[in-house]
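For reference, protein.txt is printed below; it contains compact mmCIF, C-alpha atoms and all ligand atoms.
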```txt
# COMPACT_ATOMS: atom_id res chain seq x y z
CA MET A 1 63.69 47.71 55.87
CA HIS A 2 64.64 44.19 54.88
CA PHE A 3 67.68 42.00 54.38
CA PHE A 4 67.51 41.32 50.66
CA GLU A 5 70.37 43.31 49.17
CA TYR A 6 72.88 43.28 46.36
CA LEU A 7 76.52 42.69 47.06
CA ASN A 8 78.78 42.74 44.01
CA ASN A 9 75.66 42.55 41.80
CA GLN A 10 74.50 39.34 43.51
CA LEU A 11 71.19 39.44 45.37
CA TYR A 12 71.63 38.15 48.91
CA CYS A 13 69.12 37.13 51.54
CA GLU A 14 71.02 38.03 54.71
CA ASN A 15 74.42 36.39 54.09
CA VAL A 16 73.29 33.80 51.56
CA PRO A 17 73.34 34.40 47.80
CA VAL A 18 69.84 33.88 46.43
CA SER A 19 71.33 32.11 43.38
CA GLU A 20 72.84 29.51 45.73
CA ILE A 21 69.41 28.78 47.21
CA CYS A 22 67.89 28.55 43.72
CA ARG A 23 70.53 26.04 42.65
CA GLN A 24 70.29 23.88 45.75
CA ALA A 25 66.55 24.04 46.51
CA GLY A 26 65.34 24.48 42.94
CA THR A 27 62.81 26.98 41.65
CA PRO A 28 60.22 28.34 42.16
CA VAL A 29 61.14 28.90 45.78
CA PHE A 30 59.84 31.19 48.51
CA ILE A 31 62.70 32.58 50.58
CA TYR A 32 62.05 34.17 53.99
CA SER A 33 64.59 36.15 55.99
CA CYS A 34 64.50 35.36 59.70
CA LYS A 35 66.26 38.58 60.63
CA THR A 36 63.68 40.58 58.66
CA LEU A 37 60.77 38.73 60.28
CA GLU A 38 62.20 39.50 63.72
CA ARG A 39 62.99 43.09 62.86
CA HIS A 40 59.51 43.77 61.47
CA PHE A 41 57.87 42.15 64.48
CA ASN A 42 59.93 44.21 66.91
CA VAL A 43 59.43 47.47 65.02
CA PHE A 44 55.69 46.85 65.00
CA ARG A 45 55.64 46.03 68.71
CA GLU A 46 57.77 49.02 69.77
CA PRO A 47 55.05 51.71 70.07
CA PHE A 48 52.86 49.37 72.13
CA GLU A 49 55.56 48.34 74.63
CA LYS A 50 54.41 50.97 77.11
CA VAL A 51 50.82 49.70 77.24
CA ASP A 52 49.09 46.40 77.96
CA HIS A 53 48.97 44.67 74.58
CA LEU A 54 49.08 41.37 72.73
CA ILE A 55 50.20 40.83 69.15
CA CYS A 56 48.29 38.04 67.43
CA TYR A 57 50.12 37.55 64.14
CA SER A 58 47.53 37.03 61.43
CA MET A 59 48.78 33.71 60.18
CA LYS A 60 46.83 33.50 56.94
CA ALA A 61 49.45 35.88 55.52
CA CYS A 62 52.12 33.18 55.83
CA SER A 63 51.48 30.10 57.90
CA ASN A 64 54.63 28.02 57.48
CA LEU A 65 55.55 26.31 60.76
CA GLY A 66 59.12 27.61 60.67
CA VAL A 67 57.92 31.19 60.21
CA LEU A 68 55.31 30.78 62.96
CA ARG A 69 57.99 29.49 65.30
CA VAL A 70 60.04 32.64 64.79
CA PHE A 71 57.04 34.64 66.02
CA ALA A 72 56.24 32.21 68.84
CA ASN A 73 59.82 32.70 70.06
CA LEU A 74 59.15 36.45 70.18
CA GLY A 75 56.05 35.90 72.32
CA SER A 76 53.54 36.36 69.54
CA GLY A 77 50.04 34.98 69.60
CA ALA A 78 48.02 34.20 66.49
CA ASP A 79 44.91 35.39 64.73
CA ILE A 80 43.45 32.28 63.15
CA VAL A 81 40.59 31.84 60.69
CA SER A 82 40.14 28.05 60.57
CA GLY A 83 40.61 24.78 62.41
CA GLY A 84 43.59 24.13 60.16
CA GLU A 85 45.23 27.32 61.33
CA LEU A 86 44.56 26.36 64.96
CA TYR A 87 46.31 23.06 64.29
CA ARG A 88 49.31 24.81 62.72
CA ALA A 89 49.55 27.45 65.44
CA ILE A 90 49.63 24.88 68.23
CA LYS A 91 52.04 22.70 66.30
CA ALA A 92 54.37 25.68 65.89
CA GLY A 93 54.36 26.29 69.64
CA ILE A 94 52.08 29.30 69.87
CA ASP A 95 50.40 29.57 73.27
CA PRO A 96 46.64 28.88 72.86
CA GLN A 97 45.99 31.54 75.48
CA LYS A 98 47.26 34.00 72.87
CA ILE A 99 45.03 32.83 70.03
CA VAL A 100 42.02 34.73 68.71
CA TYR A 101 39.73 33.12 66.17
CA SER A 102 38.17 35.26 63.41
CA GLY A 103 36.12 34.39 60.32
CA VAL A 104 32.49 34.37 59.25
CA GLY A 105 32.09 30.64 58.72
CA LYS A 106 33.30 28.70 61.75
CA ARG A 107 31.97 25.13 61.71
CA GLU A 108 30.84 23.33 64.87
CA SER A 109 33.83 20.99 64.77
CA GLU A 110 36.20 23.94 64.49
CA ILE A 111 34.48 25.73 67.36
CA ASP A 112 34.81 22.57 69.48
CA GLU A 113 38.51 22.33 68.74
CA ALA A 114 39.03 25.94 69.77
CA ILE A 115 37.04 25.49 72.99
CA ASP A 116 39.08 22.39 73.80
CA ALA A 117 42.30 24.31 73.18
CA ASP A 118 41.00 27.06 75.51
CA ILE A 119 41.92 29.86 73.13
CA LEU A 120 41.86 33.47 74.31
CA MET A 121 38.69 34.41 72.44
CA PHE A 122 36.39 33.94 69.49
CA ASN A 123 35.86 36.97 67.31
CA VAL A 124 32.20 36.33 66.60
CA GLU A 125 30.89 37.60 63.28
CA SER A 126 27.12 36.98 63.44
CA GLU A 127 24.17 36.29 65.69
CA GLY A 128 23.97 32.73 64.42
CA GLU A 129 27.60 32.11 65.26
CA LEU A 130 27.08 33.50 68.77
CA GLU A 131 24.26 30.99 69.32
CA THR A 132 26.40 28.14 68.01
CA VAL A 133 29.43 29.01 70.13
CA ASN A 134 27.11 29.24 73.14
CA GLN A 135 25.58 25.82 72.47
CA ARG A 136 28.91 24.13 71.85
CA ALA A 137 30.37 25.66 75.02
CA ILE A 138 27.36 24.58 77.12
CA ARG A 139 27.76 20.99 75.87
CA LYS A 140 31.32 21.06 77.13
CA LYS A 141 30.36 22.82 80.37
CA ALA A 142 32.72 25.61 79.32
CA LYS A 143 32.42 29.33 78.96
CA ALA A 144 33.77 30.64 75.68
CA ARG A 145 35.36 34.07 75.81
CA ILE A 146 34.15 36.14 72.90
CA ALA A 147 34.46 39.51 71.23
CA LEU A 148 31.93 40.67 68.70
CA ARG A 149 33.55 41.70 65.47
CA VAL A 150 31.81 44.96 64.75
CA ASN A 151 31.57 46.46 61.33
CA PRO A 152 32.12 50.20 61.77
CA ASP A 153 31.26 51.07 58.14
CA VAL A 154 34.57 52.82 57.56
CA ASP A 155 36.09 52.97 54.09
CA PRO A 156 39.67 51.64 54.25
CA LYS A 157 40.41 53.07 50.78
CA THR A 158 42.04 49.89 49.54
CA HIS A 159 41.30 47.25 46.88
CA PRO A 160 37.60 46.21 47.08
CA TYR A 161 38.55 42.52 47.50
CA ILE A 162 40.46 43.32 50.66
CA SER A 163 38.04 45.85 52.16
CA THR A 164 36.22 44.27 55.07
CA GLY A 165 34.80 47.06 57.22
CA LEU A 166 32.11 48.41 54.94
CA LYS A 167 28.39 47.79 55.44
CA THR A 168 28.31 45.93 52.13
CA ASN A 169 31.02 43.44 53.22
CA LYS A 170 30.21 40.02 54.66
CA PHE A 171 32.26 40.64 57.80
CA GLY A 172 31.29 41.58 61.31
CA ILE A 173 28.15 42.82 63.01
CA ASP A 174 26.54 46.12 62.16
CA ILE A 175 27.75 48.54 64.82
CA SER A 176 24.17 49.68 65.51
CA LYS A 177 23.19 46.08 66.44
CA ALA A 178 26.22 45.46 68.65
CA LEU A 179 24.84 46.66 71.99
CA GLY A 180 21.74 44.49 71.72
CA LEU A 181 23.81 41.43 70.89
CA TYR A 182 26.28 42.08 73.72
CA LYS A 183 23.34 42.22 76.14
CA ARG A 184 22.15 38.83 74.90
CA ALA A 185 25.67 37.41 75.05
CA GLN A 186 25.98 38.63 78.64
CA VAL A 187 23.20 36.31 79.80
CA MET A 188 24.19 33.26 77.76
CA ASP A 189 25.46 30.38 79.91
CA GLY A 190 28.25 29.39 77.54
CA ILE A 191 29.47 32.85 76.70
CA ASP A 192 31.73 35.34 78.42
CA PRO A 193 31.82 38.60 76.45
CA VAL A 194 35.28 39.99 77.10
CA GLY A 195 36.23 41.91 74.00
CA ILE A 196 35.43 44.14 71.07
CA ASP A 197 36.97 43.30 67.72
CA CYS A 198 37.20 44.79 64.27
CA HIS A 199 39.28 44.50 61.12
CA ILE A 200 38.49 46.92 58.33
CA GLY A 201 40.70 45.75 55.49
CA SER A 202 44.17 45.09 54.26
CA GLN A 203 47.01 47.06 52.65
CA LEU A 204 45.83 50.36 54.15
CA THR A 205 48.13 53.24 53.31
CA GLU A 206 46.43 55.95 55.35
CA LEU A 207 45.92 56.36 59.06
CA SER A 208 42.56 58.12 59.04
CA PRO A 209 40.44 54.93 58.64
CA PHE A 210 42.22 53.40 61.65
CA ARG A 211 41.69 56.57 63.70
CA GLU A 212 38.03 56.70 62.78
CA THR A 213 37.50 53.02 63.58
CA VAL A 214 39.22 53.13 66.94
CA SER A 215 37.20 56.14 68.05
CA ILE A 216 34.00 54.30 67.11
CA LEU A 217 35.16 51.28 69.12
CA LYS A 218 36.04 53.50 72.04
CA GLU A 219 32.49 54.84 72.20
CA LEU A 220 31.13 51.30 72.12
CA LEU A 221 33.54 50.31 74.88
CA LYS A 222 32.27 53.14 77.09
CA THR A 223 28.66 52.19 76.44
CA LEU A 224 29.28 48.52 77.21
CA ARG A 225 31.02 49.36 80.46
CA GLN A 226 28.10 51.56 81.47
CA GLU A 227 25.87 48.55 80.83
CA GLY A 228 28.02 46.49 83.18
CA ILE A 229 29.64 44.39 80.48
CA ASN A 230 33.23 43.84 81.47
CA ILE A 231 35.27 44.38 78.33
CA LYS A 232 38.94 43.55 78.83
CA TYR A 233 40.22 43.33 75.27
CA LEU A 234 40.02 45.71 72.38
CA ASP A 235 41.14 44.03 69.17
CA VAL A 236 41.89 46.55 66.44
CA GLY A 237 42.63 43.96 63.75
CA GLY A 238 45.41 44.24 61.19
CA GLY A 239 45.61 45.91 57.82
CA LEU A 240 48.63 48.21 57.86
CA GLY A 241 50.03 48.35 54.32
CA ILE A 242 53.55 47.96 52.99
CA PRO A 243 55.44 49.58 50.10
CA TYR A 244 55.16 47.28 47.08
CA ASP A 245 55.76 50.00 44.53
CA GLN A 246 55.11 53.73 44.96
CA GLU A 247 52.86 53.44 48.02
CA THR A 248 53.95 55.28 51.11
CA PRO A 249 52.18 53.61 54.01
CA PRO A 250 52.71 55.18 57.42
CA PRO A 251 55.46 53.56 59.49
CA PRO A 252 54.41 51.30 62.40
CA SER A 253 55.46 54.03 64.83
CA ALA A 254 52.86 56.44 63.38
CA TYR A 255 50.27 53.64 63.26
CA GLY A 256 51.00 52.86 66.91
CA SER A 257 50.65 56.43 68.10
CA THR A 258 47.42 56.86 66.12
CA ILE A 259 45.86 53.83 67.81
CA LEU A 260 47.12 54.80 71.24
CA GLU A 261 45.96 58.41 70.91
CA ALA A 262 42.52 57.40 69.68
CA LEU A 263 42.15 55.01 72.60
CA ALA A 264 43.71 57.17 75.29
CA GLU A 265 43.36 55.98 78.87
CA MET A 266 40.76 53.30 78.31
CA ASP A 267 42.37 50.71 80.57
CA VAL A 268 41.97 47.85 78.17
CA ARG A 269 44.37 45.31 76.70
CA ILE A 270 44.98 46.15 73.04
CA ILE A 271 45.11 43.22 70.67
CA LEU A 272 46.72 43.70 67.27
CA GLU A 273 46.48 41.33 64.31
CA PRO A 274 49.21 42.37 61.88
CA GLY A 275 49.92 40.09 58.93
CA ARG A 276 51.26 41.67 55.77
CA VAL A 277 53.21 44.44 57.49
CA ILE A 278 55.37 41.83 59.24
CA VAL A 279 55.90 39.18 56.57
CA GLY A 280 55.25 40.95 53.25
CA ASN A 281 58.71 42.33 52.68
CA ALA A 282 60.41 39.51 54.58
CA GLY A 283 59.94 37.06 51.72
CA ILE A 284 60.61 36.76 48.01
CA LEU A 285 59.69 34.29 45.32
CA ALA A 286 62.66 33.25 43.20
CA THR A 287 62.03 31.83 39.77
CA GLU A 288 64.00 30.69 36.72
CA VAL A 289 63.57 32.13 33.23
CA LEU A 290 62.49 29.40 30.82
CA TYR A 291 62.00 31.23 27.53
CA LEU A 292 61.95 34.65 25.94
CA LYS A 293 59.13 34.90 23.46
CA GLN A 294 58.77 37.76 21.03
CA THR A 295 55.43 38.33 19.29
CA ASP A 296 54.49 41.15 16.94
CA ASP A 297 53.08 43.13 19.84
CA LYS A 298 54.92 42.06 22.90
CA THR A 299 57.84 40.45 24.60
CA PHE A 300 57.13 37.71 27.09
CA VAL A 301 59.56 36.49 29.69
CA ILE A 302 58.28 33.04 30.57
CA VAL A 303 59.33 31.88 34.02
CA ASP A 304 58.75 28.73 36.08
CA ALA A 305 56.63 30.49 38.74
CA ALA A 306 52.99 31.14 37.98
CA MET A 307 49.68 32.39 39.36
CA ASN A 308 49.31 29.15 41.32
CA ASP A 309 52.42 30.17 43.28
CA LEU A 310 51.65 33.89 43.59
CA VAL A 311 48.10 34.88 42.72
CA ARG A 312 48.23 38.51 43.83
CA PRO A 313 49.03 40.04 40.43
CA SER A 314 46.21 38.08 38.76
CA LEU A 315 43.71 38.51 41.58
CA TYR A 316 44.30 42.09 42.70
CA LYS A 317 46.39 43.52 39.85
CA ALA A 318 49.01 43.78 42.56
CA HIS A 319 52.45 45.14 41.77
CA HIS A 320 55.55 43.14 42.69
CA THR A 321 59.00 44.48 41.93
CA ILE A 322 61.00 41.97 39.90
CA LEU A 323 64.78 41.99 40.14
CA PRO A 324 67.51 39.95 38.49
CA VAL A 325 69.14 37.64 41.05
CA ILE A 326 72.44 38.38 39.35
CA ARG A 327 72.51 41.94 38.13
CA PRO A 328 74.33 42.99 34.96
CA GLU A 329 77.77 44.42 35.81
CA ASP A 330 76.98 47.66 34.08
CA LEU A 331 73.26 48.41 34.30
CA ALA A 332 73.62 51.50 32.11
CA LYS A 333 75.01 49.45 29.23
CA SER A 334 72.71 46.46 29.58
CA GLU A 335 69.85 45.99 27.15
CA LEU A 336 66.47 46.77 28.70
CA LEU A 337 63.22 45.07 27.76
CA ILE A 338 59.63 46.01 28.32
CA ALA A 339 58.05 42.63 28.87
CA ASP A 340 55.20 40.73 30.42
CA ILE A 341 56.61 38.30 32.94
CA VAL A 342 54.37 35.27 32.78
CA GLY A 343 54.13 31.71 34.06
CA PRO A 344 53.38 28.38 32.37
CA ILE A 345 49.69 28.25 33.38
CA CYS A 346 47.06 28.06 30.67
CA GLU A 347 45.29 31.33 31.50
CA SER A 348 45.92 34.78 30.07
CA GLY A 349 45.52 36.05 33.61
CA ASP A 350 48.68 34.18 34.56
CA PHE A 351 51.24 36.95 34.90
CA LEU A 352 53.59 38.20 37.58
CA ALA A 353 54.11 41.59 35.94
CA ARG A 354 52.91 43.38 32.83
CA SER A 355 54.76 45.84 30.60
CA ARG A 356 57.65 45.85 33.01
CA GLU A 357 61.06 47.25 32.21
CA ILE A 358 63.83 44.80 33.13
CA PRO A 359 67.39 44.09 32.01
CA LYS A 360 67.05 41.53 29.22
CA PRO A 361 67.37 38.10 30.84
CA LYS A 362 68.24 34.82 29.16
CA ALA A 363 66.93 31.32 29.73
CA GLY A 364 68.39 29.89 32.93
CA ASP A 365 68.67 33.25 34.70
CA PHE A 366 66.98 33.65 38.07
CA LEU A 367 64.56 36.47 38.88
CA ALA A 368 63.39 37.58 42.31
CA VAL A 369 59.77 38.56 42.76
CA MET A 370 60.01 40.88 45.74
CA SER A 371 57.53 41.42 48.61
CA ALA A 372 56.11 37.92 48.24
CA GLY A 373 56.17 36.95 51.92
CA ALA A 374 52.51 37.77 52.59
CA TYR A 375 49.63 36.06 50.77
CA GLY A 376 52.18 34.30 48.59
CA PHE A 377 52.65 30.65 49.46
CA SER A 378 49.58 30.72 51.72
CA MET A 379 47.34 31.48 48.72
CA SER A 380 49.11 29.06 46.41
CA SER A 381 47.35 26.14 44.77
CA ASN A 382 47.99 23.11 42.60
CA TYR A 383 46.21 24.52 39.55
CA ASN A 384 47.42 22.91 36.33
CA SER A 385 48.70 20.07 38.54
CA ARG A 386 51.73 22.05 39.52
CA PRO A 387 53.42 20.83 42.69
CA ARG A 388 53.61 23.68 45.16
CA ALA A 389 56.92 25.51 45.55
CA CYS A 390 59.33 24.87 48.35
CA GLU A 391 59.85 27.33 51.19
CA VAL A 392 63.23 28.27 52.62
CA LEU A 393 64.08 30.16 55.80
CA VAL A 394 67.39 32.00 55.91
CA THR A 395 69.15 32.89 59.11
CA GLY A 396 72.56 34.55 58.88
CA ASP A 397 74.73 32.47 56.58
CA LYS A 398 72.54 29.36 56.77
CA PHE A 399 69.37 28.36 55.03
CA PHE A 400 66.81 25.67 55.76
CA VAL A 401 64.10 24.12 53.65
CA VAL A 402 61.04 24.69 55.87
CA ARG A 403 58.67 23.07 53.39
CA LYS A 404 59.75 20.56 50.79
CA ARG A 405 58.77 21.09 47.21
CA GLU A 406 55.72 18.94 46.51
CA CYS A 407 56.17 15.89 44.32
CA TYR A 408 53.78 14.24 41.86
CA GLU A 409 52.54 11.77 44.51
CA ASP A 410 51.47 14.77 46.61
CA LEU A 411 49.28 15.87 43.71
CA THR A 412 47.12 12.75 43.77
CA ARG A 413 47.21 12.06 47.54
CA GLY A 414 43.77 10.90 48.65
CA GLU A 415 42.42 10.44 45.14
CA GLN A 416 41.17 7.12 43.90
CA ILE A 417 39.48 5.63 40.88
CA PRO A 418 36.24 3.92 42.05
CA GLY A 419 36.18 0.19 41.30
CA GLU A 420 32.77 0.69 39.66
CA ILE A 421 34.27 2.63 36.78
CA ILE A 422 37.30 0.44 36.19
CA LYS A 423 36.62 -1.47 32.99
C1 LIG A 501 43.63 39.05 57.10
C2 LIG A 501 43.29 39.52 58.46
C3 LIG A 501 44.23 40.23 59.23
C4 LIG A 501 45.59 40.63 58.72
O1 LIG A 501 45.52 41.57 57.70
P1 LIG A 501 46.86 42.24 57.15
O2 LIG A 501 46.39 43.22 56.16
O3 LIG A 501 47.68 41.15 56.54
O4 LIG A 501 47.55 42.88 58.30
C5 LIG A 501 43.89 40.57 60.52
N1 LIG A 501 42.68 40.23 61.05
C6 LIG A 501 41.76 39.56 60.33
C7 LIG A 501 40.46 39.22 60.95
C8 LIG A 501 42.02 39.18 59.02
O5 LIG A 501 41.09 38.54 58.31
```
Translate this file's structure into structure tokens.
Amino acid sequence: MHFFEYLNNQLYCENVPVSEICRQAGTPVFIYSCKTLERHFNVFREPFEKVDHLICYSMKACSNLGVLRVFANLGSGADIVSGGELYRAIKAGIDPQKIVYSGVGKRESEIDEAIDADILMFNVESEGELETVNQRAIRKKAKARIALRVNPDVDPKTHPYISTGLKTNKFGIDISKALGLYKRAQVMDGIDPVGIDCHIGSQLTELSPFRETVSILKELLKTLRQEGINIKYLDVGGGLGIPYDQETPPPPSAYGSTILEALAEMDVRIILEPGRVIVGNAGILATEVLYLKQTDDKTFVIVDAAMNDLVRPSLYKAHHTILPVIRPEDLAKSELLIADIVGPICESGDFLARSREIPKPKAGDFLAVMSAGAYGFSMSSNYNSRPRACEVLVTGDKFFVVRKRECYEDLTRGEQIPGEIIK
């Protein structure tokens, strides 16, 4: 459930008309609903309230400081994947003791920053990384808390680009090698093995892969405890899907009971790393129609948002519902089009929707690309030298620009023409 709804044929975000935001902040614009962020966070947390748990919001889904602060206020930690995300998380007020650090390619400098910040734990993804974290910690006379990210070889049944828990993926440590590596970690001076971690993929719409994974982790947990390795944290990752179109992902309550049942009585703190399920449907991308273009074969609705703003349709063939910000009074009588909704970028892969039926818009109308809160702005780029969109956070009847639209100077920041080549 979210707070983007029509009232008298006007799309609202909470109590603010989306058209008002478009006019004042300009387009393209990402609009997040604070009430939806809070609601989704609380609904996700609910089933875990009765057990020892920590939610580490996976901030690569949407890492705007304003959005992060909403979660920090709710007591959330963060799952980070870079030094830049550590910087943002701390800046937003997230407690470093609630930060876990995932990712296959942590650099020494990034590891140092995380040790200095005294984060909760590193989710280590390879033997080489374990050695490096150990060495960096020893240099600082510290002990780094770690979990090994194990790869359980479970098929998440999602898009191949967002599957991460298969043997053929670059992530994690082969489950059969985990015990040996934990034993080595146990005797390393700079390492304190405290957790088990996994993350099998994103946009999962079935519970069985989660169930299977958690039971594999549970067996490993038992084995490690028998070996005298004191595992305190079991990090089950993120990955719960959301309805973009016709998908029917399980509700967080069912997800929660599946995890809890599979883990039953293990006396361990459960760490969860939800991303998409919290922010996905809490944000939209609003855009203005520039032109309608009719060719012999097709109708194109050309808008001012493009694949640099929202890459998911181009990258994953992802579906995003597209709605008129101001709906025709009488939908039944309005002329419908089947059109490709495309941006200004010079690539045929630049589309937000293909062969989509929509009420015929005209230049100057605003459209809302729904479910754009996750992997929207955070995956955006400056391709075609397009300044990145602005981001707006709505709360009740107020809205705030939480990231200014980029300007042309932002595009060339840090660039220079070497004197050598100036003629
Ligand atoms: C991306 C990611 C997540 C979040 O995935 P969602 O599908 O957005 O919930 C969690 N953990 C790790 C390690 C990730 O890389």
Practice problem: Mind checking which residues fall within 10 Å of Pro251 in chain A, counting all atoms listed in the file, ignoring those fewer than 5 positions away in the same chain, and posting them as a list of chain:residue names? | Solution: A:Val43, A:Phe44, A:Thr205, A:Leu207, A:Leu240, A:Gly241, A:Ile242, A:Gly256, A:Val277
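All residues of protein, DNA or RNA that reach within 12 Å of Glu227 in chain A, judged by all atoms listed in the file and not counting those fewer than 6 positions away in the chain, are Leu179, Gly180, Tyr182, Lys183, Arg184, Gln186, Leu220 and Leu221 of chain A.
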Quiz item: From the set A:Asn151, A:Ser58, A:Asn42, A:Thr223, which residue has the shortest atom-to-atom contact distance to ligand LIG 501 (chain A), counting all atoms listed in the file?
Solution: A:Ser58
Go through chain A and flag each residue having an atom no more than 9 Å from ligand LIG 501 (chain A); for those, report the closest pair of atoms plus their distance in Å to one decimal, using only C-alpha atoms and all ligand atoms, ordered by chain and rising number, as JSON lines.
```
{"residue": "A:Cys56", "atom": "CA", "partner": "A:LIG501", "partner_atom": "C5", "distance": 8.6}
{"residue": "A:Tyr57", "atom": "CA", "partner": "A:LIG501", "partner_atom": "C4", "distance": 7.7}
{"residue": "A:Ser58", "atom": "CA", "partner": "A:LIG501", "partner_atom": "C4", "distance": 4.9}
{"residue": "A:Met59", "atom": "CA", "partner": "A:LIG501", "partner_atom": "C4", "distance": 7.8}
{"residue": "A:Lys60", "atom": "CA", "partner": "A:LIG501", "partner_atom": "C1", "distance": 6.4}
{"residue": "A:Ala61", "atom": "CA", "partner": "A:LIG501", "partner_atom": "O3", "distance": 5.7}
{"residue": "A:Asp79", "atom": "CA", "partner": "A:LIG501", "partner_atom": "N1", "distance": 6.5}
{"residue": "A:Ile80", "atom": "CA", "partner": "A:LIG501", "partner_atom": "C7", "distance": 7.9}
{"residue": "A:Val81", "atom": "CA", "partner": "A:LIG501", "partner_atom": "O5", "distance": 7.1}
{"residue": "A:Tyr101", "atom": "CA", "partner": "A:LIG501", "partner_atom": "C7", "distance": 8.1}
{"residue": "A:Ser102", "atom": "CA", "partner": "A:LIG501", "partner_atom": "C7", "distance": 5.2}
{"residue": "A:Gly103", "atom": "CA", "partner": "A:LIG501", "partner_atom": "C7", "distance": 6.5}
{"residue": "A:Asn123", "atom": "CA", "partner": "A:LIG501", "partner_atom": "C7", "distance": 8.2}
{"residue": "A:Arg149", "atom": "CA", "partner": "A:LIG501", "partner_atom": "C7", "distance": 8.6}
{"residue": "A:Ile162", "atom": "CA", "partner": "A:LIG501", "partner_atom": "O2", "distance": 8.1}
{"residue": "A:Thr164", "atom": "CA", "partner": "A:LIG501", "partner_atom": "O5", "distance": 8.2}
{"residue": "A:Phe171", "atom": "CA", "partner": "A:LIG501", "partner_atom": "C7", "distance": 8.9}
{"residue": "A:Asp197", "atom": "CA", "partner": "A:LIG501", "partner_atom": "C7", "distance": 8.6}
{"residue": "A:Cys198", "atom": "CA", "partner": "A:LIG501", "partner_atom": "C7", "distance": 7.3}
{"residue": "A:His199", "atom": "CA", "partner": "A:LIG501", "partner_atom": "C7", "distance": 5.4}
{"residue": "A:Ile200", "atom": "CA", "partner": "A:LIG501", "partner_atom": "C6", "distance": 8.3}
{"residue": "A:Gly201", "atom": "CA", "partner": "A:LIG501", "partner_atom": "O2", "distance": 6.3}
{"residue": "A:Ser202", "atom": "CA", "partner": "A:LIG501", "partner_atom": "O2", "distance": 3.5}
{"residue": "A:Gln203", "atom": "CA", "partner": "A:LIG501", "partner_atom": "O2", "distance": 5.2}
{"residue": "A:Leu204", "atom": "CA", "partner": "A:LIG501", "partner_atom": "O2", "distance": 7.4}
{"residue": "A:Val236", "atom": "CA", "partner": "A:LIG501", "partner_atom": "N1", "distance": 8.3}
{"residue": "A:Gly237", "atom": "CA", "partner": "A:LIG501", "partner_atom": "N1", "distance": 4.6}
{"residue": "A:Gly238", "atom": "CA", "partner": "A:LIG501", "partner_atom": "O4", "distance": 3.8}
{"residue": "A:Gly239", "atom": "CA", "partner": "A:LIG501", "partner_atom": "O2", "distance": 3.3}
{"residue": "A:Leu240", "atom": "CA", "partner": "A:LIG501", "partner_atom": "O4", "distance": 5.5}
{"residue": "A:Gly241", "atom": "CA", "partner": "A:LIG501", "partner_atom": "O2", "distance": 6.6}
{"residue": "A:Leu272", "atom": "CA", "partner": "A:LIG501", "partner_atom": "C5", "distance": 8.0}
{"residue": "A:Glu273", "atom": "CA", "partner": "A:LIG501", "partner_atom": "C5", "distance": 4.7}
{"residue": "A:Pro274", "atom": "CA", "partner": "A:LIG501", "partner_atom": "O4", "distance": 4.0}
{"residue": "A:Gly275", "atom": "CA", "partner": "A:LIG501", "partner_atom": "O3", "distance": 3.4}
{"residue": "A:Arg276", "atom": "CA", "partner": "A:LIG501", "partner_atom": "O3", "distance": 3.7}
{"residue": "A:Val277", "atom": "CA", "partner": "A:LIG501", "partner_atom": "O4", "distance": 5.9}
{"residue": "A:Ile278", "atom": "CA", "partner": "A:LIG501", "partner_atom": "O4", "distance": 7.9}
{"residue": "A:Val279", "atom": "CA", "partner": "A:LIG501", "partner_atom": "O3", "distance": 8.5}
{"residue": "A:Gly280", "atom": "CA", "partner": "A:LIG501", "partner_atom": "O3", "distance": 8.3}
{"residue": "A:Ala374", "atom": "CA", "partner": "A:LIG501", "partner_atom": "O3", "distance": 7.1}
{"residue": "A:Tyr375", "atom": "CA", "partner": "A:LIG501", "partner_atom": "O3", "distance": 7.9}
```
Quiz item: Which residue out of A:Pro328, A:Pro249, A:Gly376, A:Pro243 has the minimum interatomic distance to Val311 in chain A when all atoms listed in the file are used?
Solution: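 Closest candidate: A:Gly376.
Minimum distance to Ala25 in chain A across A:Asp235, A:Asp309, A:Glu127, A:Glu391 (counting only C-alpha atoms) occurs at A:Glu391.
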Quiz item: Near Leu260 in chain A, within 10 Å and counting all atoms listed in the file, which residues show up once chain neighbours fewer than 3 positions away are dropped, as a VMD selection string?
Solution: chain A and resid 47 to 48 51 211 214 254 to 257 263 to 266 270
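Near Tyr383 in chain A, within a cut-off of 9 Å and counting only C-alpha atoms, sit the residues Met307, Asn308 and Ile345 of chain A, with same-chain residues fewer than 5 positions away left out.
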Quick one: what's the axis-aligned box for range 332-339 of chain A, all listed atoms, 5 Å on every side, centre and edges in Å to one decimal, as JSON?
```
{"center_x": 66.5, "center_y": 47.1, "center_z": 29.6, "size_x": 27.0, "size_y": 18.9, "size_z": 15.0}
```
Exercise. Do a neighbour search on Lys222 in chain A at 10 Å with only C-alpha atoms, toss out local chain neighbours closer than 6 positions, and write the hits as a PyMOL selection string.
Key: chain A and resi 228-229+231+266
Quiz item: Taking only C-alpha atoms into account, which of A:Ala332, A:Ala92, A:Val16, A:Leu290 comes nearest Asp397 in chain A?
Solution: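 Answer, going by the shortest atom-to-atom distance: A:Val16.
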Quiz prompt | Residue list as number ranges by chain for point (29.9, 28.2, 65.1), cut-off 12 Å, only C-alpha atoms | solution = A: 82-83, 101-115, 122-137, 144, 146
Exercise. Check the smallest atom-to-atom distance from each of A:Glu206, A:Gly26, A:Gly77, A:Lys360 to Pro156 in chain A using only C-alpha atoms, then report the winner.
Key: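 Nearest to Pro156 in chain A: A:Glu206.
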Quiz prompt | Nearest candidate to Ser378 in chain A (options A:Met188, A:Ala147, A:Leu65, A:Leu54; using only C-alpha atoms) | solution = A:Leu65
